Each structure stands twice: as C-alpha cells, then as structure tokens.
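Participant: Before I ask anything, here is the structure I am working with.
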Amino acid sequence: YDMLDGGSSLSAALECANGSECCVYHTASVFGPTENHAETALDNVKGTESVVNTIAKFPSCKLVLTSSMAAVRASGQEPKNGKFYTSEDWNTISKLGENWGQSYQWSKAESERRAWDLAKQQGVRMISICPSFVFGPPSGDKMTSSFSITLVSQWVQGKSPVQSRLCVDVRDVAAAHVIAGHQSAVHGNRYIVSSERRIPSE
C-alpha cells in the first residue's frame with residue numbers, strides 16, 4: 001500500500017471491517033540510504049500523520065505504531081536519568097538534512113511525536129513500539145532489499161567493518177506487536193524493545 005496516498009487505501013480496508021474492533025499496525029517507514037534523504041524523512045512523517053488521521057474516522061480501530069530507538073535517543077545522546085533509556089526519553093539532537101542517518105532518526109522521532117499529538121487530539125487508541133536495530137531471519141525464502149539484512153551480509157562477507165549495536169531479534173519485535181494489539185491495558189504507552197547493552201563487535 002502507498003503510505004502517501006492520503007489514507008485512501010487504509011480507509012477502504014477499514015470500511016470493510018464494518019465497525020468491528022480492529023487494529024492497524026503501521027510499520028511502513030523507509031530505512032536506509034536514499035538519494036534525497038531529507039525528502040524521504042519528510043515522507044515518513046507525512047505517512048504517519050495520514051495513518052493517524054485516517055484511523056481517527058474509525059472509533060473501533062486502534063493503532064500500533066512501529067517507532068524506533070532512534071525516536072528515543074540520537075547517537076551519543078545520554079539518558080535523561082543518566083543511567084538507562086526509558087519511555088520518557090526523546091531524541092532531541094538528530095537534524096533533518098544533515099546526512100541520511102540523522103534524517104532517518106529525525107523522521108522517527110518527529111513521526112512518533114506527531115502521532116501522539118494527533119492521537120490525543122482525535123481520541124485514537126495508540127501504542128508505540130520502539131525497537132533498536134532489528135536482526136533475525138527473513139520471512140520465507142524470497143530475496144529482500146532490507147537494509148539490516150544487507151548490512152549483516154556485508155559484515156559476514158568482510159565487505160564492511162562489524163559494528164557494535166543495540167539490537168533486538170525480529171521475532172521478539174513481532175511478539176511485542178502482537179501483545180500490543182491484543183491487550184487494552186497497554187494503550188497510551190511507549191515500549192522500548194531492545195537488548196540492554198550494545199552487542200560487542202568482536
């Protein structure tokens with residue numbers, strides 16, 4: 001589906017729900033180097049705003065937003081409590097247009113901020129999941145252009161240096177999304193899904 005179609009595809013799908021309780025998982029966000037990273041970042045924000053505004057027209061629907069640790073902190077940004085990151089932390093450093101990494105991080109923070117603002121204004125039930133760098137087996141045997149899989153392939157093949165990362169298994173991220181979509185007690189909250197410490201590069 002086209003996340004920049006103004007919500008027409010999502011509206012059509014939700015109308016088929018006929019007023020039944022439903023959950024939208026918004027996982028669409030461009031991640032990886034692009035020719036115009038600032039424009040890509042703005043499109044990421046626009047797509048998220050469109051999803052929230054569309055869901056607001058369907059009171060029986062709730063939203064699980066796939067955000068990111070990039071929304072929680074920028075590279076080198078210290079936790080507010082001086083010890084560890086929590087749902088109270090927000091990326092306040094990344095700049096749009098600086099480079100593709102910063103543009104992406106900015107877009108995740110701005111997308112989540114805008115989503116929460118719009119959700120509160122329009123009464124949308126929302127949960128955000130903030131995973132760190134997602135690794136794990138791809139779904140099925142099909143080739144994928146996933147940036148994370150491409151990056152790991154480069155590490156394994158010795159084409160680029162192995163990096164130390166905060167990371168999480170894709171299966172844990174999937175489980176967190178399922179729980180978020182099925183338990184009403186979690187609505188209105190942000191959840192970090194990540195290893196507690198960076199995985200060493202050695």
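Ligands are numbered from 1 in the order shown, chains are lettered A, B, ... in the order of the structure tokens, and residues start at 1 in each chain.
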From a DSSP pass on the backbone, collect the residues of chain A flagged as helix (DSSP H, G or I) and hand them back as a PyMOL selection string.
Facilitator: chain A and resi 8-16+37-55+69-72+100-122+147-156+170-182+184-186
Participant: Would you list the contacts of range 46-52 of chain A as a list in words, taking every protein, DNA or RNA residue within 8 Å and counting only C-alpha atoms, but skipping same-chain residues closer than 6 positions in sequence?
Facilitator: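 Near range 46-52 of chain A, the qualifying residues are Met3, Leu4, Gly6, Gly7, Leu10, His26, Leu63, Ser111, Glu112, Arg114, Ala115, Leu118, Ala119 and Val124 of chain A.
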Participant: Kindly save the residues from that selection, with N, CA and C atoms included, as a CSV table (one decimal), in the first residue's frame.
Facilitator:
chain,number,residue,atom,x,y,z
A,3,MET,N,1.8,4.6,1.4
A,3,MET,CA,1.6,5.4,2.7
A,3,MET,C,1.4,6.9,2.4
A,4,LEU,N,1.6,7.3,1.1
A,4,LEU,CA,1.4,8.7,0.8
A,4,LEU,C,0.2,9.0,0.0
A,6,GLY,N,-2.7,9.6,1.0
A,6,GLY,CA,-3.7,10.4,1.8
A,6,GLY,C,-4.7,9.5,2.6
A,7,GLY,N,-4.4,8.3,2.7
A,7,GLY,CA,-5.2,7.4,3.6
A,7,GLY,C,-6.3,6.7,2.8
A,10,LEU,N,-6.1,2.8,3.2
A,10,LEU,CA,-6.4,2.4,4.5
A,10,LEU,C,-7.9,2.6,4.9
A,26,HIS,N,1.2,0.1,11.9
A,26,HIS,CA,1.8,1.0,11.0
A,26,HIS,C,3.3,0.7,11.1
A,63,LEU,N,-4.3,1.7,17.0
A,63,LEU,CA,-3.1,1.8,16.2
A,63,LEU,C,-1.9,1.3,17.0
A,111,SER,N,7.9,11.6,13.6
A,111,SER,CA,6.8,10.8,13.3
A,111,SER,C,6.0,10.4,14.5
A,112,GLU,N,6.8,9.9,15.5
A,112,GLU,CA,6.1,9.5,16.8
A,112,GLU,C,5.5,10.6,17.5
A,114,ARG,N,4.4,13.4,16.3
A,114,ARG,CA,3.2,13.9,15.6
A,114,ARG,C,2.1,12.8,15.8
A,115,ALA,N,2.4,11.6,15.8
A,115,ALA,CA,1.4,10.5,16.0
A,115,ALA,C,0.7,10.7,17.4
A,118,LEU,N,-1.5,13.9,17.4
A,118,LEU,CA,-2.8,13.7,16.7
A,118,LEU,C,-3.7,12.7,17.4
A,119,ALA,N,-3.1,11.6,17.9
A,119,ALA,CA,-3.9,10.6,18.6
A,119,ALA,C,-4.6,11.2,19.8
A,124,VAL,N,-7.6,8.7,19.3
A,124,VAL,CA,-7.2,7.4,18.8
A,124,VAL,C,-6.5,6.6,19.8
Participant: Which residues, written as a list in words, have at least one atom at most 12 Å from Thr40 in chain A, with only C-alpha atoms counted and residues fewer than 3 positions away on the same chain left out?
Facilitator: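 Listing them by chain and then by number gives Leu4, Ser29, Val30, Phe31, Gly32, Pro33, Thr34, Glu35, Asn36, His37, Asp43, Asn44, Val45, Lys46, Gly47, Leu96, Gly97, Asn99, Trp100, Gly101, Gln102, Ser103, Tyr104, Gln105, Trp106, Ser107 and Lys108 of chain A.
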Participant: For the selection just defined, write its residues with N, CA and C atoms to a file, as an mmCIF file, in the first residue's frame.
Facilitator:
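After the write, part-v1.cif holds the following:
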data_model
loop_
_atom_site.group_PDB
_atom_site.id
_atom_site.type_symbol
_atom_site.label_atom_id
_atom_site.label_comp_id
_atom_site.auth_asym_id
_atom_site.auth_seq_id
_atom_site.Cartn_x
_atom_site.Cartn_y
_atom_site.Cartn_z
ATOM 1 N N LEU A 4 1.597 7.313 1.141
ATOM 2 C CA LEU A 4 1.431 8.723 0.804
ATOM 3 C C LEU A 4 0.191 8.963 -0.048
ATOM 4 N N SER A 29 8.037 2.594 6.927
ATOM 5 C CA SER A 29 8.942 3.727 7.064
ATOM 6 C C SER A 29 10.206 3.375 6.295
ATOM 7 N N VAL A 30 10.660 4.263 5.445
ATOM 8 C CA VAL A 30 11.830 3.971 4.620
ATOM 9 C C VAL A 30 13.086 4.063 5.479
ATOM 10 N N PHE A 31 13.870 2.975 5.493
ATOM 11 C CA PHE A 31 15.098 2.913 6.285
ATOM 12 C C PHE A 31 16.256 2.513 5.399
ATOM 13 N N GLY A 32 17.280 3.352 5.347
ATOM 14 C CA GLY A 32 18.446 3.071 4.525
ATOM 15 C C GLY A 32 18.802 4.291 3.697
ATOM 16 N N PRO A 33 19.992 4.304 3.103
ATOM 17 C CA PRO A 33 20.420 5.456 2.309
ATOM 18 C C PRO A 33 19.491 5.697 1.117
ATOM 19 N N THR A 34 19.134 6.949 0.897
ATOM 20 C CA THR A 34 18.342 7.331 -0.273
ATOM 21 C C THR A 34 18.980 8.564 -0.897
ATOM 22 N N GLU A 35 18.639 8.815 -2.152
ATOM 23 C CA GLU A 35 19.243 9.933 -2.885
ATOM 24 C C GLU A 35 18.894 11.273 -2.237
ATOM 25 N N ASN A 36 17.638 11.425 -1.834
ATOM 26 C CA ASN A 36 17.215 12.656 -1.169
ATOM 27 C C ASN A 36 16.696 12.289 0.217
ATOM 28 N N HIS A 37 17.613 12.162 1.176
ATOM 29 C CA HIS A 37 17.225 11.647 2.495
ATOM 30 C C HIS A 37 16.324 12.609 3.259
ATOM 31 N N ASP A 43 8.604 12.438 4.039
ATOM 32 C CA ASP A 43 7.569 11.491 3.595
ATOM 33 C C ASP A 43 7.221 10.510 4.713
ATOM 34 N N ASN A 44 8.234 10.075 5.480
ATOM 35 C CA ASN A 44 7.973 9.174 6.609
ATOM 36 C C ASN A 44 7.013 9.824 7.608
ATOM 37 N N VAL A 45 7.254 11.095 7.894
ATOM 38 C CA VAL A 45 6.386 11.817 8.836
ATOM 39 C C VAL A 45 4.985 11.984 8.248
ATOM 40 N N LYS A 46 4.922 12.382 7.002
ATOM 41 C CA LYS A 46 3.631 12.590 6.338
ATOM 42 C C LYS A 46 2.802 11.305 6.320
ATOM 43 N N GLY A 47 3.465 10.177 6.049
ATOM 44 C CA GLY A 47 2.751 8.904 6.013
ATOM 45 C C GLY A 47 2.173 8.538 7.364
ATOM 46 N N LEU A 96 17.352 17.094 10.571
ATOM 47 C CA LEU A 96 16.890 16.810 9.217
ATOM 48 C C LEU A 96 17.877 17.395 8.206
ATOM 49 N N GLY A 97 18.313 16.543 7.260
ATOM 50 C CA GLY A 97 19.173 17.014 6.187
ATOM 51 C C GLY A 97 20.657 16.913 6.451
ATOM 52 N N ASN A 99 22.625 14.197 7.259
ATOM 53 C CA ASN A 99 23.051 13.041 6.468
ATOM 54 C C ASN A 99 21.895 12.046 6.533
ATOM 55 N N TRP A 100 21.994 10.927 5.805
ATOM 56 C CA TRP A 100 20.816 10.051 5.742
ATOM 57 C C TRP A 100 20.484 9.448 7.097
ATOM 58 N N GLY A 101 21.520 9.142 7.898
ATOM 59 C CA GLY A 101 21.270 8.560 9.212
ATOM 60 C C GLY A 101 20.537 9.524 10.126
ATOM 61 N N GLN A 102 20.993 10.766 10.156
ATOM 62 C CA GLN A 102 20.337 11.752 11.004
ATOM 63 C C GLN A 102 18.939 12.085 10.491
ATOM 64 N N SER A 103 18.786 12.153 9.181
ATOM 65 C CA SER A 103 17.456 12.416 8.620
ATOM 66 C C SER A 103 16.482 11.309 9.013
ATOM 67 N N TYR A 104 16.947 10.058 8.936
ATOM 68 C CA TYR A 104 16.087 8.937 9.331
ATOM 69 C C TYR A 104 15.743 9.023 10.814
ATOM 70 N N GLN A 105 16.755 9.242 11.666
ATOM 71 C CA GLN A 105 16.499 9.331 13.097
ATOM 72 C C GLN A 105 15.542 10.473 13.418
ATOM 73 N N TRP A 106 15.750 11.614 12.776
ATOM 74 C CA TRP A 106 14.833 12.748 12.955
ATOM 75 C C TRP A 106 13.418 12.349 12.580
ATOM 76 N N SER A 107 13.285 11.647 11.453
ATOM 77 C CA SER A 107 11.946 11.278 10.968
ATOM 78 C C SER A 107 11.226 10.352 11.944
ATOM 79 N N LYS A 108 11.962 9.442 12.584
ATOM 80 C CA LYS A 108 11.315 8.531 13.530
ATOM 81 C C LYS A 108 10.851 9.286 14.773
#
Participant: Report, in Å to a single decimal, how far apart CA of Ile192 in chain A and CA of Ser60 in chain A are.
Facilitator: 25.9 Å
Participant: Write out as an MDAnalysis selection string which residues come within 7 Å of range 70-76 of chain A when counting only C-alpha atoms, dropping same-chain ones fewer than 4 positions away.
Facilitator: chainID A and resid 89:91 93:94 105 108:109
Participant: For the selection you just gave me, I'd like the residues written to a file as a PDB file, in the first residue's frame, keeping all heavy atoms.
Facilitator:
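What ended up in again_28.pdb:
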ATOM      1  N   ASP A  89      12.404   9.252  27.482  1.00  0.00           N
ATOM      2  CA  ASP A  89      13.470   9.823  26.647  1.00  0.00           C
ATOM      3  C   ASP A  89      12.993  10.060  25.223  1.00  0.00           C
ATOM      4  O   ASP A  89      12.255   9.250  24.658  1.00  0.00           O
ATOM      5  CB  ASP A  89      14.674   8.870  26.618  1.00  0.00           C
ATOM      6  CG  ASP A  89      15.462   8.880  27.915  1.00  0.00           C
ATOM      7  OD1 ASP A  89      16.210   9.849  28.134  1.00  0.00           O
ATOM      8  OD2 ASP A  89      15.305   7.928  28.705  1.00  0.00           O
ATOM      9  N   TRP A  90      13.436  11.183  24.656  1.00  0.00           N
ATOM     10  CA  TRP A  90      13.142  11.514  23.259  1.00  0.00           C
ATOM     11  C   TRP A  90      14.418  12.009  22.579  1.00  0.00           C
ATOM     12  O   TRP A  90      15.225  12.699  23.192  1.00  0.00           O
ATOM     13  CB  TRP A  90      12.073  12.605  23.167  1.00  0.00           C
ATOM     14  CG  TRP A  90      10.691  12.111  23.432  1.00  0.00           C
ATOM     15  CD1 TRP A  90      10.056  12.068  24.646  1.00  0.00           C
ATOM     16  CD2 TRP A  90       9.779  11.580  22.484  1.00  0.00           C
ATOM     17  NE1 TRP A  90       8.790  11.540  24.499  1.00  0.00           N
ATOM     18  CE2 TRP A  90       8.593  11.231  23.181  1.00  0.00           C
ATOM     19  CE3 TRP A  90       9.832  11.354  21.108  1.00  0.00           C
ATOM     20  CZ2 TRP A  90       7.487  10.685  22.554  1.00  0.00           C
ATOM     21  CZ3 TRP A  90       8.727  10.809  20.478  1.00  0.00           C
ATOM     22  CH2 TRP A  90       7.572  10.480  21.192  1.00  0.00           C
ATOM     23  N   ASN A  91      14.547  11.661  21.322  1.00  0.00           N
ATOM     24  CA  ASN A  91      15.657  12.154  20.512  1.00  0.00           C
ATOM     25  C   ASN A  91      15.475  13.660  20.292  1.00  0.00           C
ATOM     26  O   ASN A  91      14.517  14.087  19.652  1.00  0.00           O
ATOM     27  CB  ASN A  91      15.679  11.418  19.172  1.00  0.00           C
ATOM     28  CG  ASN A  91      16.803  11.870  18.261  1.00  0.00           C
ATOM     29  OD1 ASN A  91      17.414  12.913  18.444  1.00  0.00           O
ATOM     30  ND2 ASN A  91      17.074  11.078  17.243  1.00  0.00           N
ATOM     31  N   ILE A  93      18.321  15.577  19.302  1.00  0.00           N
ATOM     32  CA  ILE A  93      19.585  16.001  18.698  1.00  0.00           C
ATOM     33  C   ILE A  93      19.619  15.843  17.176  1.00  0.00           C
ATOM     34  O   ILE A  93      20.131  16.715  16.475  1.00  0.00           O
ATOM     35  CB  ILE A  93      20.755  15.217  19.330  1.00  0.00           C
ATOM     36  CG1 ILE A  93      20.876  15.570  20.825  1.00  0.00           C
ATOM     37  CG2 ILE A  93      22.063  15.516  18.605  1.00  0.00           C
ATOM     38  CD1 ILE A  93      21.966  14.813  21.553  1.00  0.00           C
ATOM     39  N   SER A  94      19.097  14.733  16.648  1.00  0.00           N
ATOM     40  CA  SER A  94      19.211  14.455  15.212  1.00  0.00           C
ATOM     41  C   SER A  94      18.602  15.587  14.380  1.00  0.00           C
ATOM     42  O   SER A  94      17.560  16.137  14.725  1.00  0.00           O
ATOM     43  CB  SER A  94      18.523  13.140  14.862  1.00  0.00           C
ATOM     44  OG  SER A  94      19.176  12.060  15.493  1.00  0.00           O
ATOM     45  N   GLN A 105      16.755   9.242  11.666  1.00  0.00           N
ATOM     46  CA  GLN A 105      16.499   9.331  13.097  1.00  0.00           C
ATOM     47  C   GLN A 105      15.542  10.473  13.418  1.00  0.00           C
ATOM     48  O   GLN A 105      14.630  10.329  14.235  1.00  0.00           O
ATOM     49  CB  GLN A 105      17.824   9.507  13.852  1.00  0.00           C
ATOM     50  CG  GLN A 105      18.712   8.281  13.810  1.00  0.00           C
ATOM     51  CD  GLN A 105      20.013   8.480  14.592  1.00  0.00           C
ATOM     52  OE1 GLN A 105      20.366   9.597  14.950  1.00  0.00           O
ATOM     53  NE2 GLN A 105      20.715   7.391  14.836  1.00  0.00           N
ATOM     54  N   LYS A 108      11.962   9.442  12.584  1.00  0.00           N
ATOM     55  CA  LYS A 108      11.315   8.531  13.530  1.00  0.00           C
ATOM     56  C   LYS A 108      10.851   9.286  14.773  1.00  0.00           C
ATOM     57  O   LYS A 108       9.751   9.039  15.292  1.00  0.00           O
ATOM     58  CB  LYS A 108      12.266   7.395  13.920  1.00  0.00           C
ATOM     59  CG  LYS A 108      12.622   6.459  12.775  1.00  0.00           C
ATOM     60  CD  LYS A 108      11.406   5.881  12.076  1.00  0.00           C
ATOM     61  CE  LYS A 108      10.629   4.902  12.922  1.00  0.00           C
ATOM     62  NZ  LYS A 108       9.536   4.235  12.185  1.00  0.00           N
ATOM     63  N   ALA A 109      11.680  10.206  15.262  1.00  0.00           N
ATOM     64  CA  ALA A 109      11.281  10.984  16.430  1.00  0.00           C
ATOM     65  C   ALA A 109      10.104  11.896  16.104  1.00  0.00           C
ATOM     66  O   ALA A 109       9.120  11.963  16.853  1.00  0.00           O
ATOM     67  CB  ALA A 109      12.465  11.812  16.933  1.00  0.00           C
TER      68      ALA A 109
END
Participant: So the first atom is CA of His182 in chain A and the second is CA of Leu166 in chain A; what is the distance between them in Å, to one decimal place?
Facilitator: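 For CA of His182 in chain A relative to CA of Leu166 in chain A, the distance reads 26.9 Å.
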Participant: Apply DSSP to the backbone of this structure and, from range 43-144 of chain A, keep only the residues in strand (DSSP E); write these as number ranges by chain.
Facilitator: A: 61-66, 125-131, 133-135
Participant: Which residue out of A:Cys61, A:Cys23, A:Tyr191, A:Ala38 has the minimum interatomic distance to Lys95 in chain A when only C-alpha atoms are used?
Facilitator: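 With only C-alpha atoms as the atom set, the closest residue is A:Ala38.
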Participant: How many Å lie between CA of His177 in chain A and CA of Lys80 in chain A, rounded to one decimal?
Facilitator: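 CA of His177 in chain A sits 26.0 Å away from CA of Lys80 in chain A.
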Participant: Looking at A:Gln77, A:Asp5, A:Ala176, A:Lys57, which one is nearest to Cys130 in chain A, with distances taken over only C-alpha atoms?
Facilitator: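 For Cys130 in chain A, the nearest of the candidates is A:Ala176.
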